[in-house]
file final.txt (compact mmCIF, C-alpha atoms and all ligand atoms)
# COMPACT_ATOMS: atom_id res chain seq x y z
CA MET E 1 108.37 173.98 71.48
CA ARG E 2 107.68 173.74 67.73
CA LEU E 3 105.68 170.75 66.51
CA MET E 4 105.44 169.98 62.80
CA LEU E 5 102.31 167.93 62.03
CA THR E 6 101.79 166.19 58.69
CA GLY E 7 98.48 164.76 57.49
CA ALA E 8 96.64 167.42 59.47
CA ARG E 9 93.34 166.79 57.68
CA GLY E 10 93.28 163.03 58.29
CA GLN E 11 91.37 161.33 61.11
CA VAL E 12 94.28 161.26 63.53
CA GLY E 13 95.92 164.43 62.20
CA TRP E 14 92.75 166.48 62.67
CA GLU E 15 92.51 165.44 66.32
CA LEU E 16 96.25 165.96 66.86
CA ALA E 17 96.03 169.53 65.63
CA ARG E 18 93.86 170.19 68.70
CA SER E 19 95.39 167.78 71.23
CA LEU E 20 98.96 169.02 70.67
CA LEU E 21 98.07 172.71 71.16
CA PRO E 22 98.97 172.85 74.88
CA LEU E 23 102.50 171.61 74.07
CA GLY E 24 103.59 174.53 71.94
CA GLU E 25 103.35 175.95 68.44
CA VAL E 26 101.64 173.42 66.17
CA LEU E 27 102.64 173.75 62.51
CA ALA E 28 99.77 171.80 60.94
CA LEU E 29 100.38 170.76 57.33
CA ASP E 30 97.86 169.13 55.04
CA ARG E 31 98.76 167.19 51.92
CA ALA E 32 99.09 170.37 49.82
CA ALA E 33 101.49 171.93 52.33
CA CYS E 34 103.60 168.79 52.78
CA ASP E 35 103.26 166.02 50.20
CA LEU E 36 104.89 162.75 51.21
CA SER E 37 104.75 161.43 47.66
CA ARG E 38 107.67 163.83 47.06
CA PRO E 39 110.20 162.81 49.72
CA GLU E 40 112.86 164.95 48.04
CA ALA E 41 110.91 168.11 48.97
CA LEU E 42 110.77 167.33 52.69
CA ALA E 43 114.23 168.63 53.60
CA ALA E 44 113.38 172.20 52.59
CA ARG E 45 110.10 172.10 54.52
CA VAL E 46 111.74 170.82 57.69
CA ALA E 47 114.56 173.39 57.42
CA GLU E 48 112.03 176.19 57.01
CA LEU E 49 109.81 175.10 59.93
CA ALA E 50 112.65 174.14 62.30
CA PRO E 51 110.58 171.74 64.41
CA ASP E 52 111.58 170.21 67.74
CA VAL E 53 109.05 167.44 67.16
CA ILE E 54 107.80 165.97 63.89
CA VAL E 55 104.46 164.17 64.21
CA ASN E 56 103.71 162.20 61.06
CA ALA E 57 99.98 161.52 60.76
CA ALA E 58 100.04 161.46 56.95
CA ALA E 59 99.75 158.11 55.25
CA TYR E 60 98.44 156.25 52.26
CA THR E 61 95.57 154.33 53.94
CA ALA E 62 93.52 152.92 51.04
CA VAL E 63 94.23 149.27 51.80
CA ASP E 64 92.62 147.71 48.72
CA LYS E 65 93.83 150.38 46.30
CA ALA E 66 97.39 149.89 47.55
CA GLU E 67 97.39 146.45 45.92
CA SER E 68 97.47 148.14 42.51
CA GLU E 69 99.51 151.19 43.65
CA GLU E 70 102.16 149.61 45.83
CA ALA E 71 104.98 151.83 44.58
CA LEU E 72 103.09 155.01 45.51
CA ALA E 73 101.90 153.58 48.84
CA THR E 74 105.47 152.60 49.71
CA ARG E 75 106.88 155.95 48.65
CA ILE E 76 104.49 157.66 51.09
CA ASN E 77 104.46 155.09 53.91
CA GLY E 78 108.05 153.89 53.59
CA GLU E 79 110.49 156.14 51.73
CA ALA E 80 109.09 159.50 52.86
CA VAL E 81 108.98 158.25 56.45
CA GLY E 82 112.66 157.30 56.19
CA GLU E 83 113.44 160.78 54.89
CA LEU E 84 111.52 162.42 57.77
CA ALA E 85 113.46 160.19 60.18
CA ARG E 86 116.85 161.19 58.71
CA LEU E 87 115.84 164.86 58.85
CA ALA E 88 114.73 164.44 62.47
CA ARG E 89 118.03 162.79 63.27
CA ALA E 90 120.04 165.56 61.58
CA ARG E 91 118.38 168.31 63.59
CA GLY E 92 117.91 166.40 66.83
CA ALA E 93 114.12 166.43 66.64
CA LEU E 94 111.81 163.77 68.06
CA LEU E 95 109.84 161.82 65.42
CA VAL E 96 106.38 160.53 66.33
CA HIS E 97 104.86 158.11 63.85
CA TYR E 98 101.92 155.71 63.50
CA SER E 99 101.90 152.18 62.19
CA THR E 100 99.39 149.40 61.94
CA ASP E 101 98.25 145.91 62.97
CA TYR E 102 98.50 145.07 59.25
CA VAL E 103 102.26 144.50 59.67
CA PHE E 104 101.17 141.12 61.12
CA ASP E 105 99.67 138.14 59.32
CA GLY E 106 97.13 137.58 62.08
CA SER E 107 98.01 133.93 62.64
CA LYS E 108 98.80 134.38 66.34
CA SER E 109 96.10 133.13 68.72
CA THR E 110 96.64 135.82 71.35
CA PRO E 111 97.11 139.64 71.14
CA TYR E 112 100.29 140.77 69.37
CA LEU E 113 103.25 142.06 71.35
CA GLU E 114 105.51 144.76 69.90
CA ASN E 115 108.38 142.35 69.23
CA ASP E 116 106.34 139.55 67.62
CA ALA E 117 107.46 138.53 64.15
CA VAL E 118 106.03 140.72 61.38
CA ALA E 119 104.69 139.25 58.12
CA PRO E 120 102.34 141.63 56.29
CA LEU E 121 99.65 140.06 54.09
CA ASN E 122 99.12 143.07 51.83
CA ALA E 123 100.85 145.96 50.06
CA TYR E 124 99.71 148.56 52.59
CA GLY E 125 101.16 146.46 55.41
CA ARG E 126 104.48 146.04 53.56
CA GLY E 127 104.77 149.78 53.00
CA LYS E 128 103.98 150.57 56.63
CA LEU E 129 106.56 148.03 57.76
CA ALA E 130 109.14 149.67 55.50
CA GLY E 131 108.39 152.95 57.31
CA GLU E 132 108.93 151.38 60.74
CA GLN E 133 112.21 149.86 59.62
CA ALA E 134 113.46 153.09 58.04
CA ILE E 135 112.85 154.95 61.29
CA ALA E 136 114.74 152.35 63.32
CA ALA E 137 117.63 152.45 60.81
CA SER E 138 117.88 156.27 60.91
CA GLY E 139 118.94 156.44 64.54
CA CYS E 140 116.59 159.36 65.27
CA ASP E 141 114.82 159.73 68.61
CA HIS E 142 111.39 158.29 67.91
CA LEU E 143 108.11 156.92 69.14
CA ILE E 144 106.15 154.62 66.85
CA PHE E 145 102.58 153.81 67.82
CA ARG E 146 100.97 150.79 66.19
CA THR E 147 97.25 151.38 66.14
CA THR E 148 94.26 149.64 64.56
CA TRP E 149 90.71 149.98 63.18
CA VAL E 150 90.75 153.79 63.47
CA TYR E 151 87.53 155.80 63.22
CA ALA E 152 86.47 159.39 63.88
CA ALA E 153 83.49 161.67 63.44
CA ARG E 154 85.02 162.87 60.19
CA GLY E 155 87.01 161.24 57.42
CA GLY E 156 86.63 157.85 55.76
CA ASN E 157 86.11 155.04 58.25
CA PHE E 158 84.03 151.98 59.11
CA VAL E 159 81.68 153.83 61.49
CA ARG E 160 80.70 156.42 58.90
CA THR E 161 80.41 153.75 56.19
CA MET E 162 78.06 151.72 58.41
CA LEU E 163 75.95 154.76 59.33
CA ARG E 164 75.50 155.43 55.60
CA LEU E 165 74.78 151.81 54.64
CA GLY E 166 72.54 151.24 57.65
CA ALA E 167 70.32 154.13 56.56
CA GLU E 168 70.17 152.89 52.96
CA ARG E 169 69.76 149.11 53.18
CA GLU E 170 67.69 146.59 55.11
CA ALA E 171 70.31 143.86 55.15
CA LEU E 172 74.10 143.95 55.42
CA ARG E 173 76.72 141.22 55.48
CA VAL E 174 79.78 141.87 57.61
CA VAL E 175 82.79 139.70 58.35
CA ALA E 176 82.89 138.19 61.83
CA ASP E 177 86.15 136.23 61.72
CA GLN E 178 88.52 139.23 61.87
CA ILE E 179 89.01 140.30 65.48
CA GLY E 180 90.51 143.50 66.85
CA ALA E 181 89.74 146.70 68.68
CA PRO E 182 88.22 149.85 67.17
CA THR E 183 90.24 152.92 68.10
CA TRP E 184 88.86 156.47 68.24
CA ALA E 185 91.25 158.97 66.63
CA ARG E 186 90.53 161.40 69.51
CA ASN E 187 91.90 158.90 72.01
CA ILE E 188 95.03 158.34 69.89
CA ALA E 189 95.65 162.09 69.72
CA ASP E 190 95.11 162.75 73.42
CA ALA E 191 97.36 159.84 74.38
CA THR E 192 100.01 161.06 71.92
CA ALA E 193 100.00 164.56 73.43
CA GLN E 194 100.43 163.23 76.96
CA ILE E 195 103.22 160.88 75.89
CA VAL E 196 105.06 163.52 73.83
CA ALA E 197 105.03 165.87 76.83
CA GLN E 198 106.59 163.12 78.95
CA ALA E 199 109.08 162.20 76.23
CA MET E 200 110.27 165.80 75.88
CA ARG E 201 110.85 166.00 79.64
CA GLU E 202 112.83 162.76 79.46
CA ARG E 203 114.91 164.13 76.59
CA CYS E 204 115.75 167.27 78.61
CA GLU E 205 116.92 165.03 81.41
CA GLY E 206 118.91 162.85 79.02
CA ARG E 207 116.97 159.68 79.80
CA PHE E 208 114.71 159.31 76.75
CA GLU E 209 114.61 155.97 74.97
CA SER E 210 113.04 155.48 71.55
CA GLY E 211 110.48 152.74 71.15
CA LEU E 212 107.60 151.02 69.43
CA TYR E 213 104.27 150.81 71.27
CA ASN E 214 100.87 149.32 70.61
CA LEU E 215 98.16 151.98 71.01
CA ALA E 216 94.63 150.66 70.49
CA GLY E 217 91.17 150.85 71.99
CA GLY E 218 90.38 148.71 75.02
CA GLY E 219 88.64 145.34 74.72
CA GLU E 220 88.08 143.40 71.53
CA THR E 221 85.39 142.63 68.97
CA ASN E 222 84.92 141.65 65.33
CA TRP E 223 83.73 143.81 62.44
CA CYS E 224 80.23 142.31 62.51
CA GLU E 225 79.72 142.90 66.22
CA PHE E 226 81.19 146.38 65.76
CA ALA E 227 78.64 147.09 62.99
CA ARG E 228 75.73 145.85 65.14
CA THR E 229 76.92 147.96 68.06
CA ILE E 230 77.18 151.03 65.81
CA PHE E 231 73.55 150.54 64.75
CA ASP E 232 72.26 149.93 68.28
CA GLU E 233 74.11 152.87 69.79
CA ALA E 234 73.30 155.18 66.88
CA SER E 235 69.60 154.34 67.26
CA ARG E 236 69.93 155.38 70.91
CA VAL E 237 72.11 158.49 70.76
CA LEU E 238 71.63 159.81 67.20
CA PRO E 239 67.91 160.65 66.97
CA ALA E 240 68.32 162.18 63.51
CA TRP E 241 69.81 158.96 62.09
CA GLN E 242 67.12 156.97 60.24
CA ARG E 243 67.78 153.30 60.76
CA LYS E 244 66.77 151.09 57.86
CA VAL E 245 68.94 148.03 58.50
CA THR E 246 67.26 145.17 60.35
CA THR E 247 69.61 142.28 59.54
CA VAL E 248 73.39 142.22 59.91
CA GLU E 249 74.53 138.80 58.74
CA ALA E 250 77.80 137.47 60.16
CA ILE E 251 79.95 136.14 57.32
CA GLY E 252 83.48 134.79 56.92
CA SER E 253 86.29 136.70 55.21
CA GLY E 254 86.03 134.22 52.34
CA ASP E 255 82.49 135.45 51.67
CA TYR E 256 83.65 139.06 51.35
CA PRO E 257 86.34 139.05 48.66
CA THR E 258 88.60 142.13 48.57
CA PRO E 259 91.79 142.90 46.61
CA ALA E 260 93.86 142.97 49.83
CA ARG E 261 94.01 140.11 52.33
CA ARG E 262 93.45 141.16 55.93
CA PRO E 263 94.74 139.54 59.13
CA LEU E 264 92.22 137.50 61.15
CA ASN E 265 93.80 138.57 64.44
CA SER E 266 94.40 142.32 64.75
CA ARG E 267 94.51 142.43 68.55
CA LEU E 268 97.43 144.47 69.95
CA ASP E 269 98.56 143.87 73.53
CA GLN E 270 98.56 147.18 75.44
CA ARG E 271 100.81 146.27 78.36
CA ARG E 272 104.02 147.92 77.18
CA LEU E 273 102.29 151.30 76.75
CA VAL E 274 100.68 151.09 80.17
CA GLU E 275 103.94 150.12 81.85
CA ARG E 276 106.07 152.79 80.20
CA PHE E 277 103.65 155.75 80.06
CA GLY E 278 100.75 154.85 82.35
CA VAL E 279 98.38 155.36 79.40
CA ALA E 280 95.49 153.06 78.47
CA LEU E 281 92.76 153.91 75.98
CA PRO E 282 89.11 153.49 77.00
CA ASP E 283 87.05 150.45 76.09
CA TRP E 284 86.00 150.58 72.44
CA ARG E 285 82.26 150.71 73.28
CA VAL E 286 82.67 153.71 75.58
CA ALA E 287 84.71 155.57 72.96
CA LEU E 288 82.23 154.72 70.18
CA VAL E 289 79.33 156.22 72.14
CA ARG E 290 81.31 159.40 72.79
CA CYS E 291 82.11 159.74 69.10
CA LEU E 292 78.49 159.12 68.06
CA GLU E 293 77.24 161.65 70.61
CA GLU E 294 79.57 164.17 69.07
CA LEU E 295 78.26 163.37 65.59
CA GLY E 296 74.74 164.01 66.93
CA GLU E 297 75.66 167.47 68.15
CA ARG E 298 76.44 168.68 64.65
N1 LIG E 301 92.73 154.27 59.46
C1 LIG E 301 93.03 153.18 60.13
O1 LIG E 301 92.18 152.31 60.34
C2 LIG E 301 94.41 152.97 60.66
C3 LIG E 301 95.41 153.90 60.47
N2 LIG E 301 96.69 153.65 60.93
C4 LIG E 301 97.75 154.63 60.73
O2 LIG E 301 97.43 155.78 61.50
C5 LIG E 301 97.91 156.95 60.85
C6 LIG E 301 96.79 157.94 60.67
O3 LIG E 301 95.81 157.37 59.85
P1 LIG E 301 94.36 158.01 59.64
O4 LIG E 301 94.31 159.35 60.24
O5 LIG E 301 93.38 157.00 60.06
O6 LIG E 301 94.35 158.09 58.05
P2 LIG E 301 93.51 159.05 57.10
O7 LIG E 301 93.43 158.34 55.81
O8 LIG E 301 92.28 159.50 57.79
O9 LIG E 301 94.46 160.32 56.98
C7 LIG E 301 95.66 160.26 56.28
C8 LIG E 301 96.01 161.65 55.85
O10 LIG E 301 97.21 161.55 55.11
C9 LIG E 301 97.06 162.35 53.99
N3 LIG E 301 97.89 161.92 52.87
C10 LIG E 301 97.66 160.94 51.97
N4 LIG E 301 98.63 160.92 51.06
C11 LIG E 301 99.48 161.91 51.38
C12 LIG E 301 100.67 162.42 50.82
N5 LIG E 301 101.17 161.91 49.71
N6 LIG E 301 101.28 163.45 51.43
C13 LIG E 301 100.76 164.01 52.52
N7 LIG E 301 99.65 163.60 53.09
C14 LIG E 301 99.01 162.56 52.54
C15 LIG E 301 95.61 162.30 53.62
O11 LIG E 301 95.33 163.45 52.84
P3 LIG E 301 93.97 163.65 52.04
O12 LIG E 301 92.99 164.03 53.10
O13 LIG E 301 94.29 164.73 51.09
O14 LIG E 301 93.66 162.32 51.42
C16 LIG E 301 94.95 162.29 54.96
O15 LIG E 301 94.67 163.59 55.39
C17 LIG E 301 98.54 156.46 59.54
O16 LIG E 301 99.92 156.27 59.74
C18 LIG E 301 97.88 155.11 59.31
O17 LIG E 301 98.69 154.24 58.55
C19 LIG E 301 97.00 152.51 61.60
C20 LIG E 301 96.04 151.56 61.84
C21 LIG E 301 94.65 151.74 61.42
C1 LIG E 302 81.72 147.88 54.11
C2 LIG E 302 81.89 146.46 54.58
C3 LIG E 302 83.10 146.02 55.04
N1 LIG E 302 83.26 144.73 55.43
C4 LIG E 302 84.56 144.28 55.95
C5 LIG E 302 85.77 144.47 55.08
C6 LIG E 302 86.90 144.48 56.10
O1 LIG E 302 87.29 143.14 56.40
C7 LIG E 302 86.24 145.09 57.32
C8 LIG E 302 86.63 146.52 57.58
O2 LIG E 302 86.51 147.28 56.39
P1 LIG E 302 87.45 148.54 56.11
O3 LIG E 302 87.34 148.88 54.69
O4 LIG E 302 87.17 149.57 57.14
O5 LIG E 302 88.85 147.87 56.41
P2 LIG E 302 90.29 148.43 56.23
O6 LIG E 302 90.26 149.65 55.39
O7 LIG E 302 91.14 147.31 55.81
O8 LIG E 302 90.70 148.88 57.70
C9 LIG E 302 92.08 148.94 57.97
O9 LIG E 302 92.58 150.19 57.54
C10 LIG E 302 93.98 150.29 57.65
C11 LIG E 302 94.38 151.70 57.23
C12 LIG E 302 94.54 149.81 58.93
O10 LIG E 302 95.67 150.15 59.28
C13 LIG E 302 93.81 148.73 59.69
O11 LIG E 302 94.03 148.79 61.09
C14 LIG E 302 92.33 148.71 59.43
O12 LIG E 302 91.65 149.70 60.17
O13 LIG E 302 84.83 145.00 57.12
C15 LIG E 302 82.19 143.84 55.41
O14 LIG E 302 82.33 142.66 55.80
N2 LIG E 302 80.97 144.28 54.98
C16 LIG E 302 80.78 145.56 54.55
O15 LIG E 302 79.64 145.91 54.13
MG MG E 303 89.70 151.67 55.00

call {"tool": "encode", "arguments": {"input": "final.txt", "output": "structure tokens", "more": "lines below"}}
Ligand SMILES: NC(=O)C1=CN([C@@H]2O[C@H](COP(=O)(O)OP(=O)(O)OC[C@H]3O[C@@H](n4cnc5c(N)ncnc54)[C@H](OP(=O)(O)O)[C@@H]3O)[C@@H](O)[C@H]2O)C=CC1
Ligand SMILES: Cc1cn([C@H]2C[C@H](O)[C@@H](COP(=O)(O)OP(=O)(O)O[C@H]3O[C@@H](C)C(=O)[C@@H](O)[C@H]3O)O2)c(=O)[nH]c1=O
Ligand SMILES: [Mg+2]
result
Amino acid sequence: MRLMLTGARGQVGWELARSLLPLGEVLALDRAACDLSRPEALAARVAELAPDVIVNAAAYTAVDKAESEEALATRINGEAVGELARLARARGALLVHYSTDYVFDGSKSTPYLENDAVAPLNAYGRGKLAGEQAIAASGCDHLIFRTTWVYAARGGNFVRTMLRLGAEREALRVVADQIGAPTWARNIADATAQIVAQAMRERCEGRFESGLYNLAGGGETNWCEFARTIFDEASRVLPAWQRKVTTVEAIGSGDYPTPARRPLNSRLDQRRLVERFGVALPDWRVALVRCLEELGER
């Protein structure tokens, strides 16, 4: 089996490049090798690589910057995704893609189900929604995983930002009214590999059905509690990390102005994934400790 992987140097892409290895030949492409800001160039790349599966881990993920670059964000997260989907459809390949909790406005009082009404609050969310819709419209065989609050030992993410700030400053202010579940990129990648293996068997047997699935860490928290947990666990398992922060003040979103609005409720109900694939990601605290331990081994 030939698996074309885009965004191979991103948080999820980096982990996928390893997790997908047992499935076949992984054709891992970074931004230079496959640039989604040029959708018109994708057809030649796909023809050349002849993949059975296209795993799209590339995305424009700078949420605040997207407010002033919506056209570019939407070209990458919407138009290019539609082009990949049409190319997958034309050659009978399976498309695996990731989307986000930011397709929702966060006004629901319980965790979001896959078929809840979407209403993105920001440009990034609108572009990601356009990508989801383009895939559905293409008619290709696909799996879309909506994930949330992704972090990893490498790349730009909240955990690494907090480790940096917590070693520099005595006091931090972090929003406590946005709730969700941190998700370790490693867990996303491992779950993806297991699910793709199952999906390819189902396709051989002619009983595969495309679908959209929530895929997020277990449990729930808010950004402030997440930050405090990062500091407590890092103090315990990362001896080389010099903790300076003593106070993490819980604030409201209104006290932390950003260009992009963010949903207050980012919780994604995991039941559909469990029922269809028997896959559930570990509790966010367990995954965080594993990731920090790995950072400490470097
Ligand atoms: N990060 C998060 O919190 C969340 C992410 N997601 C989704 O999960 C998926 C994976 O995200 P994640 O790994 O966290 O994101 P990252 O930002 O870590 O990685 C994205 C990768 O895409 C690459 N990229 C950016 N622009 C282009 C382009 N024009 N052409 C090709 N590649 C490009 C980046 O390249 P370069 O390294 O050169 O910048 C980077 O390697 C995405 O679909 C994202 O929308 C969903 C919910 C939460
Ligand atoms: C650095 C910092 C952030 N914050 C807040 C801002 C924001 O509400 C929250 C998290 O900050 P981030 O910049 O990591 O948030 P953000 O980049 O919006 O994270 C999102 O990324 C995209 C790609 C997604 O798809 C989402 O699931 C989500 O993970 O913490 C503070 O309150 N204090 C701080 O010191
Ligand atoms: Mg971010």

call {"tool": "atom_distance", "arguments": {"input": "final.txt", "atom1": "CA of Gly82 in chain E", "atom2": "CA of Gln133 in chain E"}}
result
8.2 Å

call {"tool": "atom_distance", "arguments": {"input": "final.txt", "atom1": "atom C10 of ligand LIG 301 (chain E)", "atom2": "CA of Leu72 in chain E"}}
result
10.3 Å

call {"tool": "residues_around", "arguments": {"input": "final.txt", "residues": "Asp101 in chain E", "least_positions_apart": "2", "cutoff": "8 Å", "atoms": "all atoms listed in the file", "output": "PyMOL selection string"}}
result
chain E and resi 99+103-104+146-148+266-268

call {"tool": "atom_distance", "arguments": {"input": "final.txt", "atom1": "CA of Ala59 in chain E", "atom2": "atom C2 of ligand LIG 302 (chain E)"}}
result
21.3 Å

call {"tool": "residues_around", "arguments": {"input": "final.txt", "residues": "Ala85 in chain E", "least_positions_apart": "3", "cutoff": "8 Å", "atoms": "all atoms listed in the file", "output": "ChimeraX atom specification"}}
result
/E:81-82,88-89,95,134-135,138-140

call {"tool": "closest_residue", "arguments": {"input": "final.txt", "among": "E:Val237, E:Ala153, E:Ala62, E:Leu292", "to": "ligand LIG 302 (chain E)", "atoms": "all atoms listed in the file"}}
result
E:Ala62

call {"tool": "residues_around", "arguments": {"input": "final.txt", "residues": "Ala197 in chain E", "least_positions_apart": "4", "cutoff": "7 Å", "atoms": "all atoms listed in the file", "output": "MDAnalysis selection string"}}
result
chainID E and resid 23 193 201

call {"tool": "closest_atom_pairs", "arguments": {"input": "final.txt", "of": "range 265-297 of chain E", "to": "range 212-231 of chain E", "cutoff": "10 Å", "atoms": "only C-alpha atoms", "output": "CSV"}}
result
residue,atom,partner,partner_atom,distance
E:Asn265,CA,E:Asn222,CA,9.4
E:Ser266,CA,E:Glu220,CA,9.3
E:Arg267,CA,E:Glu220,CA,7.2
E:Leu268,CA,E:Asn214,CA,6.0
E:Asp269,CA,E:Asn214,CA,6.6
E:Gln270,CA,E:Asn214,CA,5.8
E:Arg271,CA,E:Asn214,CA,8.3
E:Arg272,CA,E:Tyr213,CA,6.6
E:Leu273,CA,E:Tyr213,CA,5.8
E:Val274,CA,E:Leu215,CA,9.5
E:Arg276,CA,E:Tyr213,CA,9.3
E:Val279,CA,E:Leu215,CA,9.0
E:Ala280,CA,E:Gly218,CA,7.5
E:Leu281,CA,E:Gly217,CA,5.3
E:Pro282,CA,E:Gly218,CA,5.3
E:Asp283,CA,E:Gly218,CA,3.9
E:Trp284,CA,E:Gly217,CA,5.2
E:Arg285,CA,E:Thr229,CA,8.0
E:Val286,CA,E:Gly218,CA,9.2
E:Ala287,CA,E:Gly217,CA,8.1
E:Leu288,CA,E:Ile230,CA,7.6
E:Val289,CA,E:Ile230,CA,8.5
E:Leu292,CA,E:Ile230,CA,8.5

call {"tool": "closest_residue", "arguments": {"input": "final.txt", "among": "E:Arg86, E:Gly10, E:Ala176, E:Glu25", "to": "Ala137 in chain E", "atoms": "only C-alpha atoms"}}
result
E:Arg86

call {"tool": "build_atoms", "arguments": {"input": "final.txt", "residues": "range 193-204 of chain E", "atoms": "N, CA and C atoms", "output": "PDB file, in the frame of the given file"}}
result
ATOM      1  N   ALA E 193      99.595 163.284  72.830  1.00  0.00           N
ATOM      2  CA  ALA E 193     100.000 164.560  73.430  1.00  0.00           C
ATOM      3  C   ALA E 193     100.589 164.336  74.820  1.00  0.00           C
ATOM      4  N   GLN E 194      99.931 163.499  75.605  1.00  0.00           N
ATOM      5  CA  GLN E 194     100.430 163.230  76.960  1.00  0.00           C
ATOM      6  C   GLN E 194     101.807 162.561  76.905  1.00  0.00           C
ATOM      7  N   ILE E 195     101.961 161.625  75.984  1.00  0.00           N
ATOM      8  CA  ILE E 195     103.220 160.880  75.890  1.00  0.00           C
ATOM      9  C   ILE E 195     104.343 161.774  75.354  1.00  0.00           C
ATOM     10  N   VAL E 196     104.028 162.624  74.377  1.00  0.00           N
ATOM     11  CA  VAL E 196     105.060 163.520  73.830  1.00  0.00           C
ATOM     12  C   VAL E 196     105.547 164.480  74.923  1.00  0.00           C
ATOM     13  N   ALA E 197     104.625 164.974  75.730  1.00  0.00           N
ATOM     14  CA  ALA E 197     105.030 165.870  76.830  1.00  0.00           C
ATOM     15  C   ALA E 197     106.009 165.150  77.750  1.00  0.00           C
ATOM     16  N   GLN E 198     105.695 163.915  78.088  1.00  0.00           N
ATOM     17  CA  GLN E 198     106.590 163.120  78.950  1.00  0.00           C
ATOM     18  C   GLN E 198     107.920 162.851  78.258  1.00  0.00           C
ATOM     19  N   ALA E 199     107.859 162.515  76.969  1.00  0.00           N
ATOM     20  CA  ALA E 199     109.080 162.200  76.230  1.00  0.00           C
ATOM     21  C   ALA E 199     110.010 163.418  76.159  1.00  0.00           C
ATOM     22  N   MET E 200     109.435 164.601  75.984  1.00  0.00           N
ATOM     23  CA  MET E 200     110.270 165.800  75.880  1.00  0.00           C
ATOM     24  C   MET E 200     110.931 166.116  77.220  1.00  0.00           C
ATOM     25  N   ARG E 201     110.221 165.837  78.315  1.00  0.00           N
ATOM     26  CA  ARG E 201     110.850 166.000  79.640  1.00  0.00           C
ATOM     27  C   ARG E 201     112.007 165.020  79.792  1.00  0.00           C
ATOM     28  N   GLU E 202     111.772 163.784  79.369  1.00  0.00           N
ATOM     29  CA  GLU E 202     112.830 162.760  79.460  1.00  0.00           C
ATOM     30  C   GLU E 202     114.038 163.140  78.614  1.00  0.00           C
ATOM     31  N   ARG E 203     113.786 163.737  77.460  1.00  0.00           N
ATOM     32  CA  ARG E 203     114.910 164.130  76.590  1.00  0.00           C
ATOM     33  C   ARG E 203     115.725 165.230  77.264  1.00  0.00           C
ATOM     34  N   CYS E 204     115.045 166.200  77.899  1.00  0.00           N
ATOM     35  CA  CYS E 204     115.750 167.270  78.610  1.00  0.00           C
ATOM     36  C   CYS E 204     116.658 166.688  79.681  1.00  0.00           C
TER      37      CYS E 204
END
